[in-house]
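This is start.txt (compact mmCIF, C-alpha atoms).
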```txt
# COMPACT_ATOMS: atom_id res chain seq x y z
CA MET A 1 17.94 6.65 -10.38
CA GLY A 2 18.03 9.64 -8.06
CA ARG A 3 19.03 13.27 -8.28
CA ARG A 4 21.89 14.87 -10.12
CA SER A 5 23.28 18.29 -11.03
CA THR A 6 20.97 20.03 -13.47
CA ALA A 7 23.82 22.10 -14.88
CA GLU A 8 25.81 19.03 -15.75
CA LEU A 9 22.77 17.26 -17.12
CA GLY A 10 21.89 20.27 -19.20
CA ASP A 11 25.35 20.28 -20.75
CA ARG A 12 25.10 16.57 -21.39
CA MET A 13 21.71 16.81 -23.00
CA THR A 14 22.74 19.52 -25.44
CA LYS A 15 25.26 17.24 -27.06
CA ASN A 16 24.28 15.16 -30.03
CA VAL A 17 23.74 11.52 -29.00
CA VAL A 18 25.60 9.45 -31.56
CA VAL A 19 25.19 5.79 -30.83
CA ALA A 20 26.97 2.74 -32.17
CA MET A 21 25.39 -0.67 -32.49
CA ALA A 22 27.15 -3.82 -31.36
CA ASN A 23 26.47 -7.51 -30.92
CA LEU A 24 27.37 -9.11 -27.64
CA ARG A 25 28.53 -12.71 -27.62
CA LEU A 26 28.99 -14.25 -24.21
CA VAL A 27 30.51 -17.74 -23.94
CA PHE A 28 28.03 -19.12 -21.46
CA GLY A 29 26.70 -22.12 -23.41
CA LEU A 30 22.98 -21.39 -23.32
CA LEU A 31 21.35 -20.10 -26.47
CA SER A 32 18.82 -17.40 -25.72
CA SER A 33 18.31 -13.78 -26.70
CA VAL A 34 18.02 -10.72 -24.58
CA LEU A 35 17.27 -7.31 -25.97
CA LEU A 36 19.12 -4.58 -24.11
CA VAL A 37 18.29 -1.11 -25.28
CA VAL A 38 21.45 0.92 -24.83
CA SER A 39 24.05 2.73 -26.86
CA CYS A 40 27.73 2.01 -26.98
CA VAL A 41 29.78 4.62 -25.17
CA GLU A 42 33.53 4.54 -24.52
CA ASP A 43 33.60 6.05 -21.04
CA ARG A 44 31.30 5.26 -18.13
CA HIS A 45 29.17 8.13 -16.89
CA THR A 46 30.76 9.07 -13.56
CA ALA A 47 28.79 12.12 -12.48
CA LEU A 48 27.18 11.86 -9.07
CA ARG A 49 23.84 13.39 -8.48
CA SER A 50 23.25 16.04 -5.83
CA PRO A 51 21.85 14.76 -2.52
CA GLN A 52 19.35 17.61 -2.61
CA THR A 53 16.25 17.72 -4.81
CA PRO A 54 17.06 19.84 -7.89
CA ARG A 55 15.27 23.17 -7.97
CA ARG A 56 14.11 24.98 -11.04
CA GLN A 57 11.64 27.65 -12.09
CA PHE A 58 8.35 25.90 -12.78
CA PRO A 59 6.21 27.14 -15.67
CA GLU A 60 3.51 29.65 -14.82
CA GLY A 61 0.19 28.10 -13.94
CA VAL A 62 1.60 24.88 -12.53
CA PRO A 63 -0.26 24.18 -9.28
CA SER A 64 1.74 23.87 -6.07
CA SER A 65 0.12 20.51 -5.37
CA VAL A 66 -1.97 18.19 -7.46
CA ALA A 67 -1.99 15.27 -5.02
CA PRO A 68 -5.49 14.14 -4.06
CA LEU A 69 -6.42 13.20 -0.52
CA VAL A 70 -5.24 9.80 0.67
CA SER A 71 -8.84 8.81 1.40
CA ARG A 72 -9.54 8.86 -2.34
CA HIS A 73 -6.94 6.20 -3.09
CA GLN A 74 -7.67 2.57 -3.67
CA LEU A 75 -6.36 0.33 -0.91
CA ARG A 76 -3.62 -1.51 -2.74
CA LEU A 77 -1.75 -2.13 -5.95
CA ASP A 78 -3.67 -4.81 -7.80
CA ASN A 79 -1.48 -6.31 -10.52
CA GLY A 80 -0.67 -9.81 -9.27
CA LEU A 81 3.07 -9.27 -9.87
CA ALA A 82 6.28 -9.64 -7.84
CA SER A 83 5.72 -13.00 -6.18
CA THR A 84 9.52 -13.01 -6.32
CA PRO A 85 11.89 -10.05 -6.84
CA PRO A 86 12.23 -8.85 -10.45
CA MET A 87 15.29 -9.78 -12.49
CA GLY A 88 16.51 -7.93 -15.55
CA TRP A 89 18.71 -5.12 -16.80
CA ASN A 90 18.59 -1.32 -16.48
CA SER A 91 20.32 1.25 -18.66
CA TRP A 92 21.33 3.86 -16.09
CA ASN A 93 24.34 2.64 -14.08
CA HIS A 94 26.58 2.27 -17.12
CA PHE A 95 25.00 4.21 -19.99
CA ALA A 96 23.16 7.05 -18.22
CA CYS A 97 21.54 9.28 -20.89
CA ASN A 98 23.24 7.57 -23.84
CA VAL A 99 20.31 5.29 -24.55
CA ASN A 100 18.66 4.28 -27.84
CA GLU A 101 16.65 1.56 -29.52
CA THR A 102 19.16 -0.15 -31.75
CA VAL A 103 21.45 -2.54 -29.92
CA ILE A 104 20.58 -6.24 -29.79
CA PHE A 105 22.61 -8.39 -27.46
CA GLU A 106 22.84 -12.17 -27.46
CA THR A 107 23.51 -13.71 -24.06
CA GLY A 108 22.69 -16.70 -21.90
CA LEU A 109 21.42 -14.52 -19.07
CA ALA A 110 17.77 -14.55 -20.14
CA ALA A 111 17.69 -18.27 -19.43
CA LYS A 112 18.77 -17.50 -15.87
CA GLY A 113 15.65 -15.40 -15.25
CA TYR A 114 16.69 -11.88 -16.31
CA LYS A 115 13.50 -10.93 -18.14
CA TYR A 116 13.01 -7.17 -17.73
CA ILE A 117 14.79 -4.79 -20.12
CA ASN A 118 14.35 -1.39 -18.49
CA LEU A 119 14.89 2.03 -20.02
CA ASP A 120 15.86 4.59 -17.41
CA ASP A 121 15.82 8.40 -17.78
CA CYS A 122 16.35 10.21 -21.12
CA TRP A 123 14.13 8.12 -23.39
CA ALA A 124 11.44 10.82 -23.77
CA ALA A 125 11.17 13.96 -25.86
CA LEU A 126 11.64 17.16 -23.89
CA GLN A 127 8.11 18.34 -24.69
CA ARG A 128 4.75 16.58 -24.67
CA ASP A 129 2.61 16.68 -27.80
CA SER A 130 -0.28 19.10 -28.30
CA GLN A 131 -2.63 16.73 -26.42
CA GLY A 132 -0.22 16.43 -23.50
CA ASN A 133 0.98 12.93 -24.34
CA LEU A 134 4.50 11.73 -23.70
CA LEU A 135 6.59 11.16 -26.81
CA ALA A 136 9.72 9.11 -27.43
CA ARG A 137 12.81 11.12 -28.33
CA ALA A 138 12.89 11.09 -32.15
CA THR A 139 16.68 11.10 -32.48
CA THR A 140 17.20 8.00 -30.36
CA PHE A 141 13.85 6.18 -30.56
CA PRO A 142 12.58 6.93 -34.06
CA SER A 143 10.48 3.75 -34.20
CA GLY A 144 8.62 4.65 -31.02
CA ILE A 145 8.27 2.78 -27.73
CA LYS A 146 5.37 0.57 -28.89
CA ALA A 147 7.50 -0.88 -31.70
CA LEU A 148 10.29 -1.46 -29.23
CA ALA A 149 7.93 -3.21 -26.82
CA ASP A 150 6.64 -5.43 -29.63
CA TYR A 151 10.18 -6.47 -30.45
CA VAL A 152 11.09 -7.15 -26.82
CA HIS A 153 7.93 -9.21 -26.37
CA SER A 154 8.71 -11.20 -29.52
CA LYS A 155 11.87 -12.38 -27.72
CA GLY A 156 9.87 -13.56 -24.71
CA LEU A 157 11.06 -10.62 -22.58
CA LYS A 158 9.46 -7.61 -20.88
CA LEU A 159 10.04 -3.88 -21.39
CA GLY A 160 10.35 -1.36 -18.60
CA ILE A 161 10.23 2.42 -18.76
CA TYR A 162 10.92 5.39 -16.47
CA SER A 163 9.02 8.42 -15.25
CA ASP A 164 8.89 10.69 -12.22
CA ALA A 165 6.44 11.70 -9.48
CA GLY A 166 7.42 15.33 -10.12
CA TYR A 167 6.94 17.91 -12.87
CA TYR A 168 10.23 16.83 -14.48
CA THR A 169 12.43 13.79 -14.31
CA CYS A 170 15.91 14.06 -12.81
CA ALA A 171 17.27 14.65 -16.35
CA SER A 172 14.59 17.31 -17.03
CA GLN A 173 12.33 15.35 -19.36
CA PRO A 174 8.59 15.64 -18.63
CA GLY A 175 7.50 14.12 -15.32
CA SER A 176 4.11 12.59 -14.57
CA LEU A 177 2.91 14.83 -11.72
CA GLY A 178 -0.53 16.02 -12.81
CA HIS A 179 -0.51 13.61 -15.78
CA GLU A 180 -0.71 10.30 -13.91
CA THR A 181 -3.87 8.93 -15.56
CA GLN A 182 -2.82 10.07 -19.03
CA ASP A 183 0.70 8.65 -18.70
CA ALA A 184 -0.47 5.36 -17.24
CA GLN A 185 -2.82 4.94 -20.19
CA THR A 186 0.04 5.77 -22.56
CA PHE A 187 2.30 3.17 -20.94
CA ALA A 188 -0.47 0.58 -21.11
CA SER A 189 -1.15 1.37 -24.79
CA TRP A 190 2.56 0.80 -25.47
CA GLU A 191 2.30 -2.51 -23.57
CA ILE A 192 4.90 -1.53 -21.01
CA ASP A 193 5.56 -4.14 -18.29
CA TYR A 194 7.53 -2.18 -15.66
CA LEU A 195 7.55 1.44 -14.46
CA LYS A 196 10.39 2.93 -12.46
CA TYR A 197 9.02 6.08 -10.81
CA ASP A 198 11.54 8.66 -9.55
CA ASN A 199 11.18 11.64 -7.19
CA CYS A 200 12.77 14.80 -8.68
CA PHE A 201 11.25 18.28 -9.18
CA THR A 202 8.23 17.66 -6.97
CA ASP A 203 5.62 20.05 -5.62
CA GLY A 204 6.88 19.56 -2.07
CA THR A 205 4.19 17.14 -0.95
CA LYS A 206 5.12 13.87 0.71
CA PRO A 207 5.68 10.74 -1.40
CA GLU A 208 2.79 9.12 0.49
CA TYR A 209 0.47 11.48 -1.39
CA ARG A 210 2.04 11.41 -4.84
CA TYR A 211 2.94 7.76 -5.39
CA PRO A 212 -0.54 6.32 -4.73
CA VAL A 213 -1.90 8.55 -7.51
CA MET A 214 0.16 6.65 -10.07
CA ARG A 215 -0.69 3.38 -8.32
CA ASP A 216 -4.37 4.04 -8.86
CA ALA A 217 -3.80 5.16 -12.45
CA LEU A 218 -1.92 1.94 -13.23
CA ASN A 219 -4.69 -0.12 -11.62
CA LYS A 220 -7.28 1.55 -13.84
CA THR A 221 -5.47 0.58 -17.04
CA GLY A 222 -6.14 -3.11 -16.41
CA ARG A 223 -2.59 -3.93 -17.56
CA PRO A 224 -0.24 -5.56 -15.02
CA ILE A 225 2.69 -3.12 -14.82
CA PHE A 226 5.35 -3.67 -12.15
CA PHE A 227 5.50 -0.47 -10.08
CA SER A 228 9.02 0.34 -8.88
CA MET A 229 8.99 3.28 -6.47
CA CYS A 230 12.21 5.30 -6.35
CA GLU A 231 11.77 7.92 -3.62
CA TRP A 232 15.26 7.10 -2.22
CA GLY A 233 14.00 5.89 1.16
CA ILE A 234 13.61 9.46 2.40
CA ASP A 235 10.19 8.85 4.00
CA SER A 236 10.63 5.24 5.22
CA PRO A 237 8.62 3.74 2.35
CA ALA A 238 8.89 0.21 3.75
CA THR A 239 6.40 1.27 6.43
CA TRP A 240 3.68 2.34 3.97
CA ALA A 241 4.51 1.31 0.40
CA ASN A 242 3.45 -2.33 0.56
CA ASN A 243 -0.01 -1.20 -0.55
CA VAL A 244 1.37 1.12 -3.20
CA GLY A 245 4.26 -0.46 -5.12
CA ASN A 246 5.87 -3.77 -5.99
CA SER A 247 9.24 -2.46 -4.78
CA TRP A 248 10.45 0.66 -3.02
CA ARG A 249 13.91 2.16 -2.77
CA THR A 250 15.18 2.07 0.80
CA THR A 251 18.38 4.03 0.09
CA GLY A 252 19.96 6.75 -2.00
CA ASP A 253 21.78 5.92 -5.22
CA ILE A 254 24.44 3.24 -5.23
CA THR A 255 27.84 3.95 -6.78
CA ASP A 256 30.37 1.43 -8.06
CA ASP A 257 32.39 1.52 -4.86
CA TRP A 258 32.88 -0.84 -1.89
CA ASN A 259 31.99 1.76 0.75
CA SER A 260 28.84 2.78 -1.11
CA MET A 261 27.71 -0.83 -1.36
CA VAL A 262 28.42 -1.54 2.32
CA GLY A 263 26.53 1.57 3.46
CA ILE A 264 23.53 0.64 1.36
CA VAL A 265 23.49 -2.88 2.82
CA GLU A 266 23.36 -1.37 6.31
CA LEU A 267 20.40 0.86 5.41
CA ASN A 268 18.45 -1.85 3.63
CA ASN A 269 18.89 -4.35 6.47
CA VAL A 270 16.91 -2.05 8.78
CA TRP A 271 13.73 -2.77 6.81
CA ALA A 272 14.16 -6.54 6.33
CA ASP A 273 10.94 -7.51 8.08
CA TYR A 274 8.80 -5.39 5.74
CA ALA A 275 9.59 -7.31 2.54
CA ALA A 276 7.27 -10.07 1.33
CA PRO A 277 5.94 -11.54 -1.92
CA GLY A 278 4.30 -8.74 -3.87
CA GLY A 279 6.48 -5.97 -2.39
CA TRP A 280 10.26 -5.82 -1.95
CA ASN A 281 12.87 -3.57 -0.39
CA ASP A 282 15.04 -2.12 -3.16
CA PRO A 283 18.66 -1.14 -2.31
CA ASP A 284 19.21 0.03 -5.91
CA MET A 285 20.56 -1.69 -8.98
CA LEU A 286 23.57 -3.98 -9.31
CA GLU A 287 26.99 -2.49 -10.02
CA VAL A 288 28.52 -5.91 -10.70
CA GLY A 289 30.80 -5.66 -13.72
CA ASN A 290 31.22 -1.89 -13.91
CA GLY A 291 34.84 -2.02 -12.79
CA GLY A 292 34.90 -0.07 -9.54
CA MET A 293 35.16 -3.11 -7.26
CA THR A 294 37.15 -6.33 -7.21
CA VAL A 295 35.70 -9.66 -8.27
CA GLU A 296 35.60 -10.68 -4.60
CA GLU A 297 33.68 -7.53 -3.72
CA TYR A 298 31.25 -8.06 -6.60
CA ARG A 299 30.65 -11.61 -5.37
CA SER A 300 29.76 -10.17 -1.96
CA HIS A 301 27.53 -7.54 -3.61
CA PHE A 302 25.59 -10.13 -5.61
CA SER A 303 25.32 -12.60 -2.71
CA LEU A 304 23.95 -9.96 -0.34
CA TRP A 305 21.41 -8.69 -2.89
CA ALA A 306 20.25 -12.28 -3.42
CA LEU A 307 19.95 -12.97 0.31
CA MET A 308 18.13 -9.65 0.91
CA LYS A 309 15.58 -10.53 -1.79
CA ALA A 310 16.50 -7.34 -3.64
CA PRO A 311 15.59 -6.80 -7.29
CA LEU A 312 18.43 -8.22 -9.42
CA LEU A 313 18.79 -5.59 -12.13
CA ILE A 314 22.10 -5.79 -13.98
CA GLY A 315 23.62 -2.35 -14.50
CA CYS A 316 26.78 -3.02 -16.51
CA ASP A 317 27.72 -3.22 -20.18
CA VAL A 318 27.33 -6.97 -20.52
CA ARG A 319 29.19 -6.95 -23.85
CA ASN A 320 32.47 -6.29 -22.08
CA ILE A 321 32.34 -8.45 -18.96
CA GLY A 322 34.78 -11.30 -18.44
CA ALA A 323 34.13 -14.88 -17.46
CA GLU A 324 34.45 -14.17 -13.71
CA ILE A 325 31.75 -11.50 -13.79
CA LEU A 326 29.52 -13.66 -15.96
CA GLU A 327 29.92 -16.49 -13.47
CA ILE A 328 28.67 -14.19 -10.70
CA LEU A 329 25.61 -12.93 -12.59
CA ALA A 330 24.70 -16.40 -13.86
CA ASN A 331 25.09 -18.40 -10.61
CA GLU A 332 21.84 -20.36 -10.58
CA GLU A 333 22.18 -21.47 -6.96
CA VAL A 334 22.56 -17.92 -5.66
CA ILE A 335 19.77 -16.69 -7.94
CA ALA A 336 17.54 -19.43 -6.52
CA VAL A 337 17.98 -17.93 -3.04
CA ASN A 338 16.73 -14.60 -4.36
CA GLN A 339 13.80 -16.25 -6.12
CA ASP A 340 12.83 -18.60 -3.30
CA PRO A 341 9.01 -18.76 -3.09
CA LEU A 342 8.93 -18.31 0.71
CA GLY A 343 9.93 -14.69 0.08
CA VAL A 344 11.58 -13.87 3.42
CA GLN A 345 14.39 -11.29 3.33
CA GLY A 346 17.58 -12.53 4.98
CA LYS A 347 19.32 -10.29 7.48
CA ARG A 348 22.33 -10.02 9.77
CA VAL A 349 22.05 -12.36 12.75
CA ARG A 350 25.46 -11.80 14.36
CA MET A 351 28.49 -9.55 14.17
CA ASP A 352 31.73 -9.85 16.14
CA GLY A 353 32.08 -6.39 17.63
CA PHE A 354 33.81 -4.02 15.27
CA SER A 355 35.89 -6.73 13.58
CA GLY A 356 33.91 -6.62 10.35
CA LEU A 357 33.11 -10.34 10.60
CA GLU A 358 29.39 -10.95 10.14
CA VAL A 359 26.86 -13.77 9.89
CA TRP A 360 23.75 -13.28 7.75
CA SER A 361 20.89 -15.73 7.37
CA GLY A 362 17.25 -16.25 6.47
CA PRO A 363 14.68 -19.02 6.09
CA LEU A 364 13.98 -20.63 2.73
CA SER A 365 11.18 -22.89 1.53
CA SER A 366 11.08 -26.58 2.54
CA GLY A 367 12.63 -25.91 5.92
CA ARG A 368 16.00 -24.83 4.52
CA VAL A 369 18.14 -21.94 5.71
CA VAL A 370 20.54 -19.71 3.77
CA LEU A 371 23.77 -18.77 5.53
CA LEU A 372 26.22 -16.06 4.47
CA LEU A 373 29.58 -15.37 6.12
CA TRP A 374 30.76 -11.85 5.24
CA ASN A 375 34.24 -10.49 5.91
CA ARG A 376 34.23 -6.69 5.74
CA SER A 377 37.73 -6.45 7.19
CA SER A 378 40.96 -5.79 5.30
CA GLU A 379 42.44 -9.25 5.95
CA SER A 380 41.37 -12.85 5.46
CA ALA A 381 39.73 -14.22 8.62
CA ASN A 382 37.88 -17.21 10.05
CA ILE A 383 34.15 -16.67 10.63
CA THR A 384 32.09 -19.03 12.77
CA ALA A 385 28.32 -19.38 12.48
CA ARG A 386 26.48 -21.28 15.19
CA TRP A 387 23.25 -23.08 14.48
CA SER A 388 21.76 -21.16 17.44
CA ASP A 389 22.41 -17.92 15.50
CA MET A 390 19.84 -19.13 12.98
CA GLY A 391 17.38 -20.81 15.35
CA ILE A 392 18.46 -24.33 14.41
CA PRO A 393 18.67 -26.92 17.23
CA ASN A 394 22.26 -28.02 17.87
CA ASP A 395 21.52 -31.73 17.31
CA THR A 396 19.99 -31.20 13.85
CA LEU A 397 21.43 -33.42 11.11
CA LEU A 398 22.14 -31.18 8.13
CA THR A 399 23.64 -31.13 4.69
CA VAL A 400 25.62 -27.99 3.87
CA ARG A 401 25.74 -26.81 0.26
CA ASP A 402 28.41 -24.30 -0.82
CA LEU A 403 26.72 -22.06 -3.42
CA TRP A 404 29.93 -20.65 -4.92
CA LYS A 405 31.98 -23.86 -4.98
CA HIS A 406 28.89 -25.87 -5.97
CA GLU A 407 29.87 -28.57 -3.49
CA THR A 408 27.89 -30.38 -0.80
CA ILE A 409 29.32 -31.26 2.58
CA SER A 410 28.11 -34.74 3.50
CA GLU A 411 25.46 -35.16 6.17
CA ALA A 412 26.89 -34.09 9.50
CA GLU A 413 25.55 -33.56 13.00
CA MET A 414 27.18 -30.23 13.82
CA TYR A 415 26.33 -27.20 15.90
CA GLU A 416 28.43 -24.64 14.01
CA ILE A 417 30.47 -24.07 10.87
CA CYS A 418 33.79 -22.23 10.66
CA GLN A 419 35.23 -21.05 7.34
CA GLU A 420 38.12 -18.86 6.25
CA VAL A 421 36.69 -15.94 4.29
CA PRO A 422 38.85 -13.64 2.16
CA SER A 423 38.95 -9.90 2.78
CA HIS A 424 35.78 -8.22 1.45
CA GLY A 425 34.53 -11.69 0.48
CA VAL A 426 31.73 -14.07 1.36
CA LYS A 427 31.02 -17.75 1.79
CA MET A 428 27.42 -18.70 1.08
CA PHE A 429 25.62 -21.94 2.02
CA ILE A 430 22.22 -23.58 2.14
CA LEU A 431 21.57 -25.72 5.22
CA THR A 432 19.04 -28.49 4.68
CA PRO A 433 17.78 -30.72 7.51
CA VAL A 434 18.26 -34.34 6.52
CA SER A 435 14.65 -35.12 7.43
CA GLN A 436 13.57 -32.68 4.69
CA ILE A 437 15.78 -34.48 2.17
CA TYR A 438 14.26 -37.82 3.10
CA LEU A 439 10.75 -36.41 2.80
CA LYS A 440 11.55 -35.14 -0.69
CA ARG A 441 12.99 -38.49 -1.70
CA GLU A 442 9.94 -40.35 -0.39
CA SER A 443 7.58 -37.94 -2.17
CA TYR A 444 9.47 -38.43 -5.42
CA SER A 445 9.44 -42.20 -4.97
CA HIS A 446 5.64 -42.20 -4.44
CA LYS A 447 5.17 -40.13 -7.61
CA MET A 448 7.25 -42.62 -9.57
CA ASP A 449 5.15 -45.54 -8.22
```

Structure re-expressed in structure tokens:
Amino acid sequence: MGRRSTAELGDRMTKNVVVAMANLRLVFGLLSSVLLVVSCVEDRHTALRSPQTPRRQFPEGVPSSVAPLVSRHQLRLDNGLASTPPMGWNSWNHFACNVNETVIFETGLAAKGYKYINLDDCWAALQRDSQGNLLARATTFPSGIKALADYVHSKGLKLGIYSDAGYYTCASQPGSLGHETQDAQTFASWEIDYLKYDNCFTDGTKPEYRYPVMRDALNKTGRPIFFSMCEWGIDSPATWANNVGNSWRTTGDITDDWNSMVGIVELNNVWADYAAPGGWNDPDMLEVGNGGMTVEEYRSHFSLWALMKAPLLIGCDVRNIGAEILEILANEEVIAVNQDPLGVQGKRVRMDGFSGLEVWSGPLSSGRVVLLLWNRSSESANITARWSDMGIPNDTLLTVRDLWKHETISEAEMYEICQEVPSHGVKMFILTPVSQIYLKRESYSHKMD
């Protein structure tokens, strides 16, 4: 979540939040439960947030800076999390401030690895209590966040929450600047598993000063809480945040639009070499299923996020998605690329001038390589990827697995692959050297003996 118009948010927050409860039944075939904590609204929130940090009159007595010196920080985040990018769901992209505790969804997506259920902005009361503690908004979370966390955990899932490295969040609920230790202890006492930390209404100091304060506070709680930094990439966080957070936003906010998605891919690709297990580049949450792009474009969106090792956080109303969208979100072979234990972010390896025809690739575990052919042009086109583009010797015997058709091309000694790719679409493959396949077979045979 980023910044938005305070006037519009103020109008929105003065309305009574009346929420309906619904059960989602998706015809996927796997029986598992996911708790998604959102309200049912008829129209998607379409307001865009201002590209400038919102300004407001701070209360008297608020210090201009409460950030300690960098030398006082611990050296790194110490929670043992994020060996692979997080997978889950976040309330903001579809429901915005219309969020509450009551809706239980049943879906097969938890079995695919979507474990985090993350509340974004607007969950908190507008004032802290007399001791300065954060409170859940009574009208929408009457049971409290701890009760909600207990319920989520009873389903084998994890609960995420939202705060801000400023005096207020982007929706003007209390921020954590100056309250980092107190708020971290509160989150730990509620047994929160994930913290998204935004960057509105700050004191003007650099994120490099403010975000480590919460990092240290989370460390001191002793509870492993995934730390998702959302400073919008304004200060090149990939260059310094690997010791601070488990993920860091490399871009501004995504919108449910092809051009927005393409621009964000370009920005995130710049920082590909900085991602690794424990800390990931974050190009913002998924828009798949929100209706602003075609199915082909959503398939490209999901494939690129998987290849870039981005967090896979669903941002749509999963009660109302069709079979084609469900197929995208539940594609186990594409998800496996995102969750590959080698943890190397794929990137663009070739582009044909200004044609919009691109080749993306990256190494995977066990000597495999992921290959993505992306057609950004307005017409269907053939895209050729050469083994040399990916550092593979031309005489290598490979199997080629199509991750969207779920088909394997038989072993072939090739030096390139050429495929017709639809406009705004992708073709995605895993290339496996035959020697690696034989080694796996021999290892399995020895285990059986």

Each residue of region 224-274 of chain A with at least one atom at most 12 Å from region 375-382 of chain A should appear once, together with its nearest atom pair and the corresponding distance in Å (one decimal); atoms considered: all atoms listed in the file; ordering: chain, then increasing residue number; output as a tab-separated table.
```
residue	atom	partner	partner_atom	distance
A:Trp258	CA	A:Arg376	CA	9.7
A:Asn259	CA	A:Arg376	CA	10.1
A:Met261	CA	A:Arg376	CA	11.3
A:Val262	CA	A:Arg376	CA	8.5
A:Gly263	CA	A:Arg376	CA	11.5
A:Val265	CA	A:Arg376	CA	11.8
```

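CA of Ser423 (chain A) is positioned 28.6 Å from CA of Trp89 (chain A).
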
Would you work out the distance separating CA of Trp387 (chain A) from CA of Ala310 (chain A), expressed in Å to one decimal?
24.9 Å

May I have the protein, DNA and RNA residues with an atom at most 12 Å from (27.7, 0.0, -0.8), counting all atoms listed in the file in the file's coordinates, returned as number ranges by chain?
A: 251-268, 283-288, 292-293, 297-298, 300-302, 304-305, 376, 424

Given the selection you just returned, output its residues as a file containing C-alpha atoms, formatted as a compact mmCIF listing (two decimals), in the coordinates of the input.
```
# COMPACT_ATOMS: atom_id res chain seq x y z
CA THR A 251 18.38 4.03 0.09
CA GLY A 252 19.96 6.75 -2.00
CA ASP A 253 21.78 5.92 -5.22
CA ILE A 254 24.44 3.24 -5.23
CA THR A 255 27.84 3.95 -6.78
CA ASP A 256 30.37 1.43 -8.06
CA ASP A 257 32.39 1.52 -4.86
CA TRP A 258 32.88 -0.84 -1.89
CA ASN A 259 31.99 1.76 0.75
CA SER A 260 28.84 2.78 -1.11
CA MET A 261 27.71 -0.83 -1.36
CA VAL A 262 28.42 -1.54 2.32
CA GLY A 263 26.53 1.57 3.46
CA ILE A 264 23.53 0.64 1.36
CA VAL A 265 23.49 -2.88 2.82
CA GLU A 266 23.36 -1.37 6.31
CA LEU A 267 20.40 0.86 5.41
CA ASN A 268 18.45 -1.85 3.63
CA PRO A 283 18.66 -1.14 -2.31
CA ASP A 284 19.21 0.03 -5.91
CA MET A 285 20.56 -1.69 -8.98
CA LEU A 286 23.57 -3.98 -9.31
CA GLU A 287 26.99 -2.49 -10.02
CA VAL A 288 28.52 -5.91 -10.70
CA GLY A 292 34.90 -0.07 -9.54
CA MET A 293 35.16 -3.11 -7.26
CA GLU A 297 33.68 -7.53 -3.72
CA TYR A 298 31.25 -8.06 -6.60
CA SER A 300 29.76 -10.17 -1.96
CA HIS A 301 27.53 -7.54 -3.61
CA PHE A 302 25.59 -10.13 -5.61
CA LEU A 304 23.95 -9.96 -0.34
CA TRP A 305 21.41 -8.69 -2.89
CA ARG A 376 34.23 -6.69 5.74
CA HIS A 424 35.78 -8.22 1.45
```

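Each of A:Tyr114, A:Trp374, A:Tyr274, A:Tyr167 was checked against Ala330 (chain A) using only C-alpha atoms; the smallest atom-to-atom distance is that of A:Tyr114.
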
Within 12 Å of (19.5, -17.8, 15.7), in the coordinates the file gives, what residues turn up when you count only C-alpha atoms, written out as a PDB file with C-alpha atoms, keeping the file's coordinate frame?
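As written to disk, out.pdb reads:
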```
ATOM      1  CA  LYS A 347      19.320 -10.290   7.480  1.00  0.00           C
ATOM      2  CA  ARG A 348      22.330 -10.020   9.770  1.00  0.00           C
ATOM      3  CA  VAL A 349      22.050 -12.360  12.750  1.00  0.00           C
ATOM      4  CA  ARG A 350      25.460 -11.800  14.360  1.00  0.00           C
ATOM      5  CA  VAL A 359      26.860 -13.770   9.890  1.00  0.00           C
ATOM      6  CA  TRP A 360      23.750 -13.280   7.750  1.00  0.00           C
ATOM      7  CA  SER A 361      20.890 -15.730   7.370  1.00  0.00           C
ATOM      8  CA  GLY A 362      17.250 -16.250   6.470  1.00  0.00           C
ATOM      9  CA  PRO A 363      14.680 -19.020   6.090  1.00  0.00           C
ATOM     10  CA  VAL A 369      18.140 -21.940   5.710  1.00  0.00           C
ATOM     11  CA  LEU A 371      23.770 -18.770   5.530  1.00  0.00           C
ATOM     12  CA  ALA A 385      28.320 -19.380  12.480  1.00  0.00           C
ATOM     13  CA  ARG A 386      26.480 -21.280  15.190  1.00  0.00           C
ATOM     14  CA  TRP A 387      23.250 -23.080  14.480  1.00  0.00           C
ATOM     15  CA  SER A 388      21.760 -21.160  17.440  1.00  0.00           C
ATOM     16  CA  ASP A 389      22.410 -17.920  15.500  1.00  0.00           C
ATOM     17  CA  MET A 390      19.840 -19.130  12.980  1.00  0.00           C
ATOM     18  CA  GLY A 391      17.380 -20.810  15.350  1.00  0.00           C
ATOM     19  CA  ILE A 392      18.460 -24.330  14.410  1.00  0.00           C
ATOM     20  CA  PRO A 393      18.670 -26.920  17.230  1.00  0.00           C
ATOM     21  CA  ASN A 394      22.260 -28.020  17.870  1.00  0.00           C
ATOM     22  CA  TYR A 415      26.330 -27.200  15.900  1.00  0.00           C
ATOM     23  CA  GLU A 416      28.430 -24.640  14.010  1.00  0.00           C
TER      24      GLU A 416
END
```

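Each of A:Phe141, A:Asp402, A:Asp395, A:Gln185 was compared to Met414 (chain A) using all atoms listed in the file, and A:Asp395 turns out to be the nearest.
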
If I take CA of Leu159 (chain A) and CA of Lys115 (chain A), how far is one from the other in Å, to one decimal?
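If I compute the distance from CA of Leu159 (chain A) to CA of Lys115 (chain A), I get 8.5 Å.
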
Select, from A:Pro341, A:Gly222, A:Gly279, A:Gly291, the residue with the minimum atom-to-atom distance to Pro311 (chain A), counting all atoms listed in the file.
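Among the listed residues, A:Gly279 lies closest to Pro311 (chain A).
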
Across A:Thr399, A:Asn243, A:Thr186, A:Gln127, the smallest distance to Ile417 (chain A), with only C-alpha atoms counted, is shown by A:Thr399
